[in-house]
Amino acid sequence: MGYFSNSEEVYRCVGRLFEELVADPELVPAFQRADTIVQYRLTNPKAQITVKIRAGEDLQVDLGETELVPQVTMTMDSDVMHHFWLGGVSITVAITRGQIKAKGPVAKILKLVPLVKPAFPRYREILEQAGRSDILAAVD
């Protein structure tokens, strides 16, 4: 079994991270430069997180079903997403190995990569606050 037993656990941890990131006034301008809508389609458990980071528009995170139409789609196992946010997965390597399937403009995908590194410690904090030290210990 993976680190998350259902989509609600994914949303409580990973979804919350996205919600915090798009609410951070210091990060908003950098995210808006990516000027896209990216959707993360997760498996095991199945979950979907869609993030609108469009220039000149309010940022938005939808957990689950959405009306937003993604330009970039990243499909991966929920455990891969978890390891990524802990800093243990390189997107480039994971795409090459087939752990992440990316669809959409490659340039937009690459713009997103450097934006997320400051979120790694924040994800750890979210897991600790959610009482999920069990899944932190599993990758340390």
# chains A, B, ... in the order shown; residues from 1 in each chain; ligands from 1

call {"tool": "residues_around", "arguments": {"residues": "Ile95 (chain A)", "least_positions_apart": "3", "cutoff": "12 Å", "atoms": "only C-alpha atoms", "output": "PDB file with all heavy atoms, in the first residue's frame"}}
result
ATOM      1  N   MET A  74       0.345  16.318 -15.894  1.00  0.00           N
ATOM      2  CA  MET A  74       1.387  15.465 -15.323  1.00  0.00           C
ATOM      3  C   MET A  74       0.687  14.282 -14.650  1.00  0.00           C
ATOM      4  O   MET A  74      -0.096  14.489 -13.716  1.00  0.00           O
ATOM      5  CB  MET A  74       2.209  16.228 -14.295  1.00  0.00           C
ATOM      6  CG  MET A  74       2.749  17.567 -14.774  1.00  0.00           C
ATOM      7  SD  MET A  74       4.222  17.427 -15.737  1.00  0.00           S
ATOM      8  CE  MET A  74       5.423  17.202 -14.452  1.00  0.00           C
ATOM      9  N   THR A  75       0.946  13.076 -15.130  1.00  0.00           N
ATOM     10  CA  THR A  75       0.319  11.884 -14.584  1.00  0.00           C
ATOM     11  C   THR A  75       1.385  11.058 -13.869  1.00  0.00           C
ATOM     12  O   THR A  75       2.465  10.809 -14.435  1.00  0.00           O
ATOM     13  CB  THR A  75      -0.333  11.056 -15.716  1.00  0.00           C
ATOM     14  OG1 THR A  75      -1.252  11.888 -16.415  1.00  0.00           O
ATOM     15  CG2 THR A  75      -1.056   9.848 -15.154  1.00  0.00           C
ATOM     16  N   MET A  76       1.073  10.673 -12.628  1.00  0.00           N
ATOM     17  CA  MET A  76       2.049   9.908 -11.846  1.00  0.00           C
ATOM     18  C   MET A  76       1.356   9.212 -10.688  1.00  0.00           C
ATOM     19  O   MET A  76       0.227   9.544 -10.338  1.00  0.00           O
ATOM     20  CB  MET A  76       3.142  10.834 -11.311  1.00  0.00           C
ATOM     21  CG  MET A  76       2.672  11.803 -10.245  1.00  0.00           C
ATOM     22  SD  MET A  76       3.828  13.139  -9.901  1.00  0.00           S
ATOM     23  CE  MET A  76       3.407  14.267 -11.215  1.00  0.00           C
ATOM     24  N   VAL A  80       4.989   8.922  -6.065  1.00  0.00           N
ATOM     25  CA  VAL A  80       6.007   9.697  -6.796  1.00  0.00           C
ATOM     26  C   VAL A  80       5.837  11.177  -6.463  1.00  0.00           C
ATOM     27  O   VAL A  80       6.812  11.880  -6.190  1.00  0.00           O
ATOM     28  CB  VAL A  80       5.926   9.443  -8.314  1.00  0.00           C
ATOM     29  CG1 VAL A  80       6.837  10.387  -9.082  1.00  0.00           C
ATOM     30  CG2 VAL A  80       6.270   7.995  -8.634  1.00  0.00           C
ATOM     31  N   VAL A  89      12.764  13.409  -5.869  1.00  0.00           N
ATOM     32  CA  VAL A  89      12.528  13.010  -7.261  1.00  0.00           C
ATOM     33  C   VAL A  89      12.832  14.183  -8.174  1.00  0.00           C
ATOM     34  O   VAL A  89      12.322  15.287  -7.963  1.00  0.00           O
ATOM     35  CB  VAL A  89      11.059  12.560  -7.479  1.00  0.00           C
ATOM     36  CG1 VAL A  89      10.756  12.338  -8.945  1.00  0.00           C
ATOM     37  CG2 VAL A  89      10.758  11.302  -6.683  1.00  0.00           C
ATOM     38  N   SER A  90      13.645  13.948  -9.169  1.00  0.00           N
ATOM     39  CA  SER A  90      13.901  14.935 -10.219  1.00  0.00           C
ATOM     40  C   SER A  90      12.839  14.751 -11.300  1.00  0.00           C
ATOM     41  O   SER A  90      12.645  13.635 -11.804  1.00  0.00           O
ATOM     42  CB  SER A  90      15.290  14.716 -10.817  1.00  0.00           C
ATOM     43  OG  SER A  90      15.372  15.281 -12.104  1.00  0.00           O
ATOM     44  N   ILE A  91      12.141  15.822 -11.648  1.00  0.00           N
ATOM     45  CA  ILE A  91      11.098  15.711 -12.682  1.00  0.00           C
ATOM     46  C   ILE A  91      11.698  15.209 -13.987  1.00  0.00           C
ATOM     47  O   ILE A  91      11.135  14.327 -14.631  1.00  0.00           O
ATOM     48  CB  ILE A  91      10.381  17.062 -12.898  1.00  0.00           C
ATOM     49  CG1 ILE A  91       9.477  17.336 -11.710  1.00  0.00           C
ATOM     50  CG2 ILE A  91       9.575  17.051 -14.185  1.00  0.00           C
ATOM     51  CD1 ILE A  91       8.686  18.608 -11.803  1.00  0.00           C
ATOM     52  N   THR A  92      12.838  15.742 -14.370  1.00  0.00           N
ATOM     53  CA  THR A  92      13.469  15.339 -15.625  1.00  0.00           C
ATOM     54  C   THR A  92      13.772  13.845 -15.636  1.00  0.00           C
ATOM     55  O   THR A  92      13.465  13.144 -16.599  1.00  0.00           O
ATOM     56  CB  THR A  92      14.763  16.143 -15.854  1.00  0.00           C
ATOM     57  OG1 THR A  92      14.460  17.539 -15.728  1.00  0.00           O
ATOM     58  CG2 THR A  92      15.342  15.880 -17.218  1.00  0.00           C
ATOM     59  N   GLY A  98       9.780   7.278 -17.107  1.00  0.00           N
ATOM     60  CA  GLY A  98       8.374   6.934 -17.270  1.00  0.00           C
ATOM     61  C   GLY A  98       7.579   6.963 -15.974  1.00  0.00           C
ATOM     62  O   GLY A  98       6.422   6.559 -15.950  1.00  0.00           O
ATOM     63  N   GLN A  99       8.174   7.446 -14.883  1.00  0.00           N
ATOM     64  CA  GLN A  99       7.459   7.555 -13.609  1.00  0.00           C
ATOM     65  C   GLN A  99       6.450   8.702 -13.650  1.00  0.00           C
ATOM     66  O   GLN A  99       5.462   8.691 -12.931  1.00  0.00           O
ATOM     67  CB  GLN A  99       8.437   7.791 -12.459  1.00  0.00           C
ATOM     68  CG  GLN A  99       9.366   6.630 -12.203  1.00  0.00           C
ATOM     69  CD  GLN A  99      10.426   7.014 -11.194  1.00  0.00           C
ATOM     70  OE1 GLN A  99      11.126   8.021 -11.344  1.00  0.00           O
ATOM     71  NE2 GLN A  99      10.557   6.205 -10.153  1.00  0.00           N
ATOM     72  N   ILE A 100       6.751   9.707 -14.466  1.00  0.00           N
ATOM     73  CA  ILE A 100       5.843  10.827 -14.690  1.00  0.00           C
ATOM     74  C   ILE A 100       5.615  10.925 -16.183  1.00  0.00           C
ATOM     75  O   ILE A 100       6.574  10.933 -16.967  1.00  0.00           O
ATOM     76  CB  ILE A 100       6.435  12.165 -14.170  1.00  0.00           C
ATOM     77  CG1 ILE A 100       6.643  12.112 -12.654  1.00  0.00           C
ATOM     78  CG2 ILE A 100       5.524  13.327 -14.555  1.00  0.00           C
ATOM     79  CD1 ILE A 100       7.322  13.355 -12.081  1.00  0.00           C
ATOM     80  N   LYS A 101       4.359  10.996 -16.566  1.00  0.00           N
ATOM     81  CA  LYS A 101       4.013  11.207 -17.967  1.00  0.00           C
ATOM     82  C   LYS A 101       3.546  12.646 -18.090  1.00  0.00           C
ATOM     83  O   LYS A 101       2.598  13.062 -17.420  1.00  0.00           O
ATOM     84  CB  LYS A 101       2.924  10.236 -18.400  1.00  0.00           C
ATOM     85  CG  LYS A 101       3.414   8.794 -18.435  1.00  0.00           C
ATOM     86  CD  LYS A 101       2.305   7.844 -18.825  1.00  0.00           C
ATOM     87  CE  LYS A 101       2.775   6.413 -18.894  1.00  0.00           C
ATOM     88  NZ  LYS A 101       3.364   5.866 -17.735  1.00  0.00           N
ATOM     89  N   ALA A 102       4.241  13.408 -18.937  1.00  0.00           N
ATOM     90  CA  ALA A 102       3.931  14.821 -19.109  1.00  0.00           C
ATOM     91  C   ALA A 102       3.372  15.066 -20.501  1.00  0.00           C
ATOM     92  O   ALA A 102       3.910  14.574 -21.488  1.00  0.00           O
ATOM     93  CB  ALA A 102       5.194  15.651 -18.899  1.00  0.00           C
ATOM     94  N   LYS A 103       2.273  15.820 -20.546  1.00  0.00           N
ATOM     95  CA  LYS A 103       1.683  16.217 -21.813  1.00  0.00           C
ATOM     96  C   LYS A 103       1.521  17.726 -21.807  1.00  0.00           C
ATOM     97  O   LYS A 103       1.141  18.305 -20.798  1.00  0.00           O
ATOM     98  CB  LYS A 103       0.309  15.568 -22.007  1.00  0.00           C
ATOM     99  CG  LYS A 103       0.355  14.089 -22.229  1.00  0.00           C
ATOM    100  CD  LYS A 103      -1.024  13.543 -22.501  1.00  0.00           C
ATOM    101  CE  LYS A 103      -0.956  12.034 -22.687  1.00  0.00           C
ATOM    102  NZ  LYS A 103      -2.278  11.450 -22.885  1.00  0.00           N
ATOM    103  N   VAL A 106       6.438  21.609 -23.507  1.00  0.00           N
ATOM    104  CA  VAL A 106       7.600  21.297 -22.672  1.00  0.00           C
ATOM    105  C   VAL A 106       8.144  22.559 -22.004  1.00  0.00           C
ATOM    106  O   VAL A 106       8.532  22.536 -20.841  1.00  0.00           O
ATOM    107  CB  VAL A 106       8.693  20.597 -23.504  1.00  0.00           C
ATOM    108  CG1 VAL A 106       9.951  20.390 -22.686  1.00  0.00           C
ATOM    109  CG2 VAL A 106       8.178  19.268 -24.037  1.00  0.00           C
ATOM    110  N   ILE A 109       6.283  23.256 -18.849  1.00  0.00           N
ATOM    111  CA  ILE A 109       6.646  22.288 -17.813  1.00  0.00           C
ATOM    112  C   ILE A 109       7.987  22.681 -17.184  1.00  0.00           C
ATOM    113  O   ILE A 109       8.132  22.700 -15.964  1.00  0.00           O
ATOM    114  CB  ILE A 109       6.706  20.860 -18.393  1.00  0.00           C
ATOM    115  CG1 ILE A 109       5.308  20.407 -18.840  1.00  0.00           C
ATOM    116  CG2 ILE A 109       7.286  19.884 -17.375  1.00  0.00           C
ATOM    117  CD1 ILE A 109       5.302  19.132 -19.655  1.00  0.00           C
ATOM    118  N   LEU A 110       8.948  23.025 -18.006  1.00  0.00           N
ATOM    119  CA  LEU A 110      10.278  23.377 -17.503  1.00  0.00           C
ATOM    120  C   LEU A 110      10.261  24.675 -16.701  1.00  0.00           C
ATOM    121  O   LEU A 110      11.061  24.833 -15.782  1.00  0.00           O
ATOM    122  CB  LEU A 110      11.273  23.450 -18.657  1.00  0.00           C
ATOM    123  CG  LEU A 110      11.533  22.118 -19.370  1.00  0.00           C
ATOM    124  CD1 LEU A 110      12.501  22.309 -20.525  1.00  0.00           C
ATOM    125  CD2 LEU A 110      12.047  21.060 -18.409  1.00  0.00           C
TER     126      LEU A 110
END

call {"tool": "select_by_dssp", "arguments": {"residues": "region 9-120 of chain A", "states": "strand (DSSP E or B)", "output": "number ranges by chain"}}
result
A: 36-43, 47-53, 60-63, 72-77, 100-103

call {"tool": "closest_residue", "arguments": {"among": "A:Phe18, A:His83, A:Gly64, A:Ala107", "to": "Ala34 (chain A)", "atoms": "only C-alpha atoms"}}
result
A:Ala107

call {"tool": "closest_residue", "arguments": {"among": "A:Val113, A:Ile135, A:Ile126, A:Leu68", "to": "Ser5 (chain A)", "atoms": "only C-alpha atoms"}}
result
A:Ile135

call {"tool": "atom_distance", "arguments": {"atom1": "CA of Met81 (chain A)", "atom2": "CA of Thr36 (chain A)"}}
result
19.5 Å

call {"tool": "residues_around", "arguments": {"residues": "Ala23 (chain A)", "least_positions_apart": "3", "cutoff": "12 Å", "atoms": "only C-alpha atoms", "output": "PDB file with all heavy atoms, in the first residue's frame"}}
result
ATOM      1  N   ARG A  16      -3.237  20.744   0.062  1.00  0.00           N
ATOM      2  CA  ARG A  16      -3.012  21.892   0.952  1.00  0.00           C
ATOM      3  C   ARG A  16      -1.726  22.625   0.580  1.00  0.00           C
ATOM      4  O   ARG A  16      -1.675  23.860   0.625  1.00  0.00           O
ATOM      5  CB  ARG A  16      -2.955  21.428   2.404  1.00  0.00           C
ATOM      6  CG  ARG A  16      -2.712  22.578   3.360  1.00  0.00           C
ATOM      7  CD  ARG A  16      -2.826  22.163   4.787  1.00  0.00           C
ATOM      8  NE  ARG A  16      -2.209  23.168   5.634  1.00  0.00           N
ATOM      9  CZ  ARG A  16      -1.730  22.920   6.833  1.00  0.00           C
ATOM     10  NH1 ARG A  16      -1.828  21.701   7.351  1.00  0.00           N
ATOM     11  NH2 ARG A  16      -1.173  23.872   7.539  1.00  0.00           N
ATOM     12  N   LEU A  17      -0.709  21.888   0.194  1.00  0.00           N
ATOM     13  CA  LEU A  17       0.532  22.533  -0.223  1.00  0.00           C
ATOM     14  C   LEU A  17       0.269  23.471  -1.398  1.00  0.00           C
ATOM     15  O   LEU A  17       0.686  24.629  -1.382  1.00  0.00           O
ATOM     16  CB  LEU A  17       1.579  21.484  -0.609  1.00  0.00           C
ATOM     17  CG  LEU A  17       2.873  22.060  -1.187  1.00  0.00           C
ATOM     18  CD1 LEU A  17       3.625  22.883  -0.150  1.00  0.00           C
ATOM     19  CD2 LEU A  17       3.749  20.941  -1.720  1.00  0.00           C
ATOM     20  N   PHE A  18      -0.431  22.991  -2.419  1.00  0.00           N
ATOM     21  CA  PHE A  18      -0.736  23.850  -3.567  1.00  0.00           C
ATOM     22  C   PHE A  18      -1.549  25.068  -3.150  1.00  0.00           C
ATOM     23  O   PHE A  18      -1.293  26.184  -3.614  1.00  0.00           O
ATOM     24  CB  PHE A  18      -1.481  23.059  -4.644  1.00  0.00           C
ATOM     25  CG  PHE A  18      -0.589  22.198  -5.479  1.00  0.00           C
ATOM     26  CD1 PHE A  18      -0.566  20.825  -5.287  1.00  0.00           C
ATOM     27  CD2 PHE A  18       0.233  22.744  -6.447  1.00  0.00           C
ATOM     28  CE1 PHE A  18       0.254  20.013  -6.050  1.00  0.00           C
ATOM     29  CE2 PHE A  18       1.059  21.942  -7.221  1.00  0.00           C
ATOM     30  CZ  PHE A  18       1.075  20.574  -7.017  1.00  0.00           C
ATOM     31  N   GLU A  19      -2.510  24.880  -2.265  1.00  0.00           N
ATOM     32  CA  GLU A  19      -3.325  26.005  -1.808  1.00  0.00           C
ATOM     33  C   GLU A  19      -2.470  27.046  -1.088  1.00  0.00           C
ATOM     34  O   GLU A  19      -2.661  28.246  -1.285  1.00  0.00           O
ATOM     35  CB  GLU A  19      -4.450  25.503  -0.901  1.00  0.00           C
ATOM     36  CG  GLU A  19      -5.498  24.702  -1.645  1.00  0.00           C
ATOM     37  CD  GLU A  19      -6.469  23.967  -0.746  1.00  0.00           C
ATOM     38  OE1 GLU A  19      -6.179  23.741   0.457  1.00  0.00           O
ATOM     39  OE2 GLU A  19      -7.537  23.589  -1.259  1.00  0.00           O
ATOM     40  N   GLU A  20      -1.529  26.594  -0.274  1.00  0.00           N
ATOM     41  CA  GLU A  20      -0.640  27.527   0.418  1.00  0.00           C
ATOM     42  C   GLU A  20       0.293  28.243  -0.564  1.00  0.00           C
ATOM     43  O   GLU A  20       0.560  29.434  -0.424  1.00  0.00           O
ATOM     44  CB  GLU A  20       0.173  26.798   1.485  1.00  0.00           C
ATOM     45  CG  GLU A  20      -0.633  26.415   2.698  1.00  0.00           C
ATOM     46  CD  GLU A  20       0.221  25.863   3.830  1.00  0.00           C
ATOM     47  OE1 GLU A  20       1.471  25.987   3.781  1.00  0.00           O
ATOM     48  OE2 GLU A  20      -0.368  25.296   4.768  1.00  0.00           O
ATOM     49  N   GLU A  26       4.606  36.278  -2.088  1.00  0.00           N
ATOM     50  CA  GLU A  26       5.972  36.313  -2.615  1.00  0.00           C
ATOM     51  C   GLU A  26       6.138  35.380  -3.811  1.00  0.00           C
ATOM     52  O   GLU A  26       6.978  35.621  -4.676  1.00  0.00           O
ATOM     53  CB  GLU A  26       6.975  35.941  -1.518  1.00  0.00           C
ATOM     54  CG  GLU A  26       7.076  36.998  -0.430  1.00  0.00           C
ATOM     55  CD  GLU A  26       8.114  36.642   0.611  1.00  0.00           C
ATOM     56  OE1 GLU A  26       9.011  35.825   0.342  1.00  0.00           O
ATOM     57  OE2 GLU A  26       8.009  37.196   1.722  1.00  0.00           O
ATOM     58  N   LEU A  27       5.353  34.306  -3.872  1.00  0.00           N
ATOM     59  CA  LEU A  27       5.481  33.322  -4.953  1.00  0.00           C
ATOM     60  C   LEU A  27       4.569  33.605  -6.148  1.00  0.00           C
ATOM     61  O   LEU A  27       4.850  33.159  -7.256  1.00  0.00           O
ATOM     62  CB  LEU A  27       5.194  31.916  -4.416  1.00  0.00           C
ATOM     63  CG  LEU A  27       6.146  31.400  -3.350  1.00  0.00           C
ATOM     64  CD1 LEU A  27       5.671  30.041  -2.855  1.00  0.00           C
ATOM     65  CD2 LEU A  27       7.560  31.313  -3.885  1.00  0.00           C
ATOM     66  N   VAL A  28       3.467  34.311  -5.913  1.00  0.00           N
ATOM     67  CA  VAL A  28       2.469  34.527  -6.961  1.00  0.00           C
ATOM     68  C   VAL A  28       3.073  35.076  -8.257  1.00  0.00           C
ATOM     69  O   VAL A  28       2.817  34.524  -9.339  1.00  0.00           O
ATOM     70  CB  VAL A  28       1.302  35.407  -6.450  1.00  0.00           C
ATOM     71  CG1 VAL A  28       0.420  35.882  -7.594  1.00  0.00           C
ATOM     72  CG2 VAL A  28       0.478  34.636  -5.433  1.00  0.00           C
ATOM     73  N   PRO A  29       3.885  36.145  -8.224  1.00  0.00           N
ATOM     74  CA  PRO A  29       4.412  36.664  -9.495  1.00  0.00           C
ATOM     75  C   PRO A  29       5.240  35.634 -10.273  1.00  0.00           C
ATOM     76  O   PRO A  29       5.149  35.550 -11.504  1.00  0.00           O
ATOM     77  CB  PRO A  29       5.286  37.855  -9.070  1.00  0.00           C
ATOM     78  CG  PRO A  29       4.752  38.258  -7.735  1.00  0.00           C
ATOM     79  CD  PRO A  29       4.282  36.982  -7.089  1.00  0.00           C
ATOM     80  N   PHE A  31       4.921  32.305 -10.142  1.00  0.00           N
ATOM     81  CA  PHE A  31       4.010  31.310 -10.693  1.00  0.00           C
ATOM     82  C   PHE A  31       3.282  31.854 -11.914  1.00  0.00           C
ATOM     83  O   PHE A  31       3.106  31.156 -12.903  1.00  0.00           O
ATOM     84  CB  PHE A  31       2.986  30.848  -9.646  1.00  0.00           C
ATOM     85  CG  PHE A  31       3.535  29.880  -8.644  1.00  0.00           C
ATOM     86  CD1 PHE A  31       3.353  30.087  -7.291  1.00  0.00           C
ATOM     87  CD2 PHE A  31       4.225  28.754  -9.044  1.00  0.00           C
ATOM     88  CE1 PHE A  31       3.851  29.194  -6.348  1.00  0.00           C
ATOM     89  CE2 PHE A  31       4.728  27.846  -8.125  1.00  0.00           C
ATOM     90  CZ  PHE A  31       4.543  28.075  -6.778  1.00  0.00           C
ATOM     91  N   VAL A  51      -4.172  23.361 -11.121  1.00  0.00           N
ATOM     92  CA  VAL A  51      -3.682  24.642 -10.638  1.00  0.00           C
ATOM     93  C   VAL A  51      -3.645  25.640 -11.792  1.00  0.00           C
ATOM     94  O   VAL A  51      -2.973  25.406 -12.789  1.00  0.00           O
ATOM     95  CB  VAL A  51      -2.269  24.495 -10.019  1.00  0.00           C
ATOM     96  CG1 VAL A  51      -1.823  25.803  -9.395  1.00  0.00           C
ATOM     97  CG2 VAL A  51      -2.234  23.370  -8.991  1.00  0.00           C
ATOM     98  N   ILE A  53      -2.321  29.019 -12.935  1.00  0.00           N
ATOM     99  CA  ILE A  53      -1.288  30.017 -12.656  1.00  0.00           C
ATOM    100  C   ILE A  53      -1.110  30.860 -13.916  1.00  0.00           C
ATOM    101  O   ILE A  53      -0.083  30.801 -14.577  1.00  0.00           O
ATOM    102  CB  ILE A  53       0.037  29.363 -12.179  1.00  0.00           C
ATOM    103  CG1 ILE A  53       0.417  28.173 -13.050  1.00  0.00           C
ATOM    104  CG2 ILE A  53      -0.077  28.936 -10.734  1.00  0.00           C
ATOM    105  CD1 ILE A  53       1.742  27.527 -12.662  1.00  0.00           C
ATOM    106  N   ASP A  58      -6.292  35.681 -11.087  1.00  0.00           N
ATOM    107  CA  ASP A  58      -6.181  35.091  -9.755  1.00  0.00           C
ATOM    108  C   ASP A  58      -5.746  33.640  -9.892  1.00  0.00           C
ATOM    109  O   ASP A  58      -6.203  32.937 -10.797  1.00  0.00           O
ATOM    110  CB  ASP A  58      -7.516  35.147  -9.022  1.00  0.00           C
ATOM    111  CG  ASP A  58      -7.901  36.566  -8.617  1.00  0.00           C
ATOM    112  OD1 ASP A  58      -7.002  37.417  -8.478  1.00  0.00           O
ATOM    113  OD2 ASP A  58      -9.110  36.811  -8.437  1.00  0.00           O
ATOM    114  N   LEU A  59      -4.875  33.213  -9.005  1.00  0.00           N
ATOM    115  CA  LEU A  59      -4.455  31.816  -9.005  1.00  0.00           C
ATOM    116  C   LEU A  59      -5.556  30.972  -8.377  1.00  0.00           C
ATOM    117  O   LEU A  59      -6.310  31.459  -7.538  1.00  0.00           O
ATOM    118  CB  LEU A  59      -3.143  31.655  -8.249  1.00  0.00           C
ATOM    119  CG  LEU A  59      -1.879  32.014  -9.053  1.00  0.00           C
ATOM    120  CD1 LEU A  59      -1.828  33.459  -9.458  1.00  0.00           C
ATOM    121  CD2 LEU A  59      -0.643  31.646  -8.285  1.00  0.00           C
ATOM    122  N   GLN A  60      -5.635  29.721  -8.791  1.00  0.00           N
ATOM    123  CA  GLN A  60      -6.723  28.857  -8.338  1.00  0.00           C
ATOM    124  C   GLN A  60      -6.232  27.421  -8.244  1.00  0.00           C
ATOM    125  O   GLN A  60      -5.480  26.961  -9.103  1.00  0.00           O
ATOM    126  CB  GLN A  60      -7.879  28.955  -9.357  1.00  0.00           C
ATOM    127  CG  GLN A  60      -9.040  28.054  -9.092  1.00  0.00           C
ATOM    128  CD  GLN A  60     -10.127  28.226 -10.169  1.00  0.00           C
ATOM    129  OE1 GLN A  60     -10.196  29.237 -10.851  1.00  0.00           O
ATOM    130  NE2 GLN A  60     -10.958  27.216 -10.312  1.00  0.00           N
ATOM    131  N   VAL A  61      -6.691  26.717  -7.212  1.00  0.00           N
ATOM    132  CA  VAL A  61      -6.414  25.294  -7.039  1.00  0.00           C
ATOM    133  C   VAL A  61      -7.745  24.573  -6.923  1.00  0.00           C
ATOM    134  O   VAL A  61      -8.568  24.926  -6.080  1.00  0.00           O
ATOM    135  CB  VAL A  61      -5.563  25.025  -5.773  1.00  0.00           C
ATOM    136  CG1 VAL A  61      -5.376  23.532  -5.556  1.00  0.00           C
ATOM    137  CG2 VAL A  61      -4.223  25.728  -5.861  1.00  0.00           C
TER     138      VAL A  61
END

call {"tool": "closest_residue", "arguments": {"among": "A:Glu125, A:His82, A:Val116, A:Asp35", "to": "Tyr3 (chain A)", "atoms": "only C-alpha atoms"}}
result
A:His82

call {"tool": "closest_residue", "arguments": {"among": "A:Gly131, A:Pro70, A:Pro45, A:Pro25", "to": "Phe4 (chain A)", "atoms": "only C-alpha atoms"}}
result
A:Pro45

call {"tool": "atom_distance", "arguments": {"atom1": "CA of Val10 (chain A)", "atom2": "CA of Leu42 (chain A)"}}
result
9.1 Å

call {"tool": "closest_residue", "arguments": {"among": "A:Val72, A:Gly2, A:Gly87, A:Arg33", "to": "Lys46 (chain A)", "atoms": "only C-alpha atoms"}}
result
A:Gly2

call {"tool": "residues_around", "arguments": {"residues": "Thr66 (chain A)", "least_positions_apart": "4", "cutoff": "9 Å", "atoms": "only C-alpha atoms", "output": "list in words"}}
result
Gln48, Ile49, Thr50 and Asp62 of chain A

call {"tool": "select_by_dssp", "arguments": {"residues": "chain A", "states": "alpha helix (DSSP H)", "output": "VMD selection string"}}
result
chain A and resid 7 to 10 16 to 23 28 to 34 78 to 85 91 to 97 106 to 116 119 to 129 133 to 137

call {"tool": "atom_distance", "arguments": {"atom1": "CA of Arg41 (chain A)", "atom2": "CA of Leu63 (chain A)"}}
result
10.6 Å

call {"tool": "decode", "arguments": {"residues": "region 22-37 of chain A", "atoms": "N, CA and C atoms", "output": "PDB file, in the first residue's frame"}}
result
ATOM      1  N   VAL A  22      -0.150  29.013  -3.787  1.00  0.00           N
ATOM      2  CA  VAL A  22      -0.798  30.044  -4.602  1.00  0.00           C
ATOM      3  C   VAL A  22      -1.312  31.210  -3.768  1.00  0.00           C
ATOM      4  N   ALA A  23      -1.349  31.048  -2.449  1.00  0.00           N
ATOM      5  CA  ALA A  23      -1.761  32.127  -1.559  1.00  0.00           C
ATOM      6  C   ALA A  23      -0.572  32.940  -1.052  1.00  0.00           C
ATOM      7  N   ASP A  24       0.636  32.523  -1.372  1.00  0.00           N
ATOM      8  CA  ASP A  24       1.846  33.186  -0.890  1.00  0.00           C
ATOM      9  C   ASP A  24       2.169  34.371  -1.799  1.00  0.00           C
ATOM     10  N   PRO A  25       2.018  35.609  -1.310  1.00  0.00           N
ATOM     11  CA  PRO A  25       2.225  36.782  -2.164  1.00  0.00           C
ATOM     12  C   PRO A  25       3.641  36.887  -2.742  1.00  0.00           C
ATOM     13  N   GLU A  26       4.606  36.278  -2.088  1.00  0.00           N
ATOM     14  CA  GLU A  26       5.972  36.313  -2.615  1.00  0.00           C
ATOM     15  C   GLU A  26       6.138  35.380  -3.811  1.00  0.00           C
ATOM     16  N   LEU A  27       5.353  34.306  -3.872  1.00  0.00           N
ATOM     17  CA  LEU A  27       5.481  33.322  -4.953  1.00  0.00           C
ATOM     18  C   LEU A  27       4.569  33.605  -6.148  1.00  0.00           C
ATOM     19  N   VAL A  28       3.467  34.311  -5.913  1.00  0.00           N
ATOM     20  CA  VAL A  28       2.469  34.527  -6.961  1.00  0.00           C
ATOM     21  C   VAL A  28       3.073  35.076  -8.257  1.00  0.00           C
ATOM     22  N   PRO A  29       3.885  36.145  -8.224  1.00  0.00           N
ATOM     23  CA  PRO A  29       4.412  36.664  -9.495  1.00  0.00           C
ATOM     24  C   PRO A  29       5.240  35.634 -10.273  1.00  0.00           C
ATOM     25  N   ALA A  30       6.025  34.836  -9.568  1.00  0.00           N
ATOM     26  CA  ALA A  30       6.834  33.816 -10.238  1.00  0.00           C
ATOM     27  C   ALA A  30       5.946  32.746 -10.865  1.00  0.00           C
ATOM     28  N   PHE A  31       4.921  32.305 -10.142  1.00  0.00           N
ATOM     29  CA  PHE A  31       4.010  31.310 -10.693  1.00  0.00           C
ATOM     30  C   PHE A  31       3.282  31.854 -11.914  1.00  0.00           C
ATOM     31  N   GLN A  32       2.856  33.110 -11.856  1.00  0.00           N
ATOM     32  CA  GLN A  32       2.112  33.691 -12.970  1.00  0.00           C
ATOM     33  C   GLN A  32       2.957  33.787 -14.235  1.00  0.00           C
ATOM     34  N   ARG A  33       4.259  33.850 -14.086  1.00  0.00           N
ATOM     35  CA  ARG A  33       5.130  33.871 -15.273  1.00  0.00           C
ATOM     36  C   ARG A  33       5.064  32.559 -16.052  1.00  0.00           C
ATOM     37  N   ALA A  34       4.692  31.476 -15.384  1.00  0.00           N
ATOM     38  CA  ALA A  34       4.528  30.204 -16.095  1.00  0.00           C
ATOM     39  C   ALA A  34       3.314  30.277 -17.022  1.00  0.00           C
ATOM     40  N   ASP A  35       2.322  31.093 -16.659  1.00  0.00           N
ATOM     41  CA  ASP A  35       1.160  31.396 -17.497  1.00  0.00           C
ATOM     42  C   ASP A  35       0.512  30.133 -18.076  1.00  0.00           C
ATOM     43  N   THR A  36       0.034  29.275 -17.185  1.00  0.00           N
ATOM     44  CA  THR A  36      -0.549  28.022 -17.654  1.00  0.00           C
ATOM     45  C   THR A  36      -1.570  27.492 -16.654  1.00  0.00           C
ATOM     46  N   ILE A  37      -2.205  26.438 -17.035  1.00  0.00           N
ATOM     47  CA  ILE A  37      -3.020  25.642 -16.124  1.00  0.00           C
ATOM     48  C   ILE A  37      -2.419  24.243 -16.159  1.00  0.00           C
TER      49      ILE A  37
END
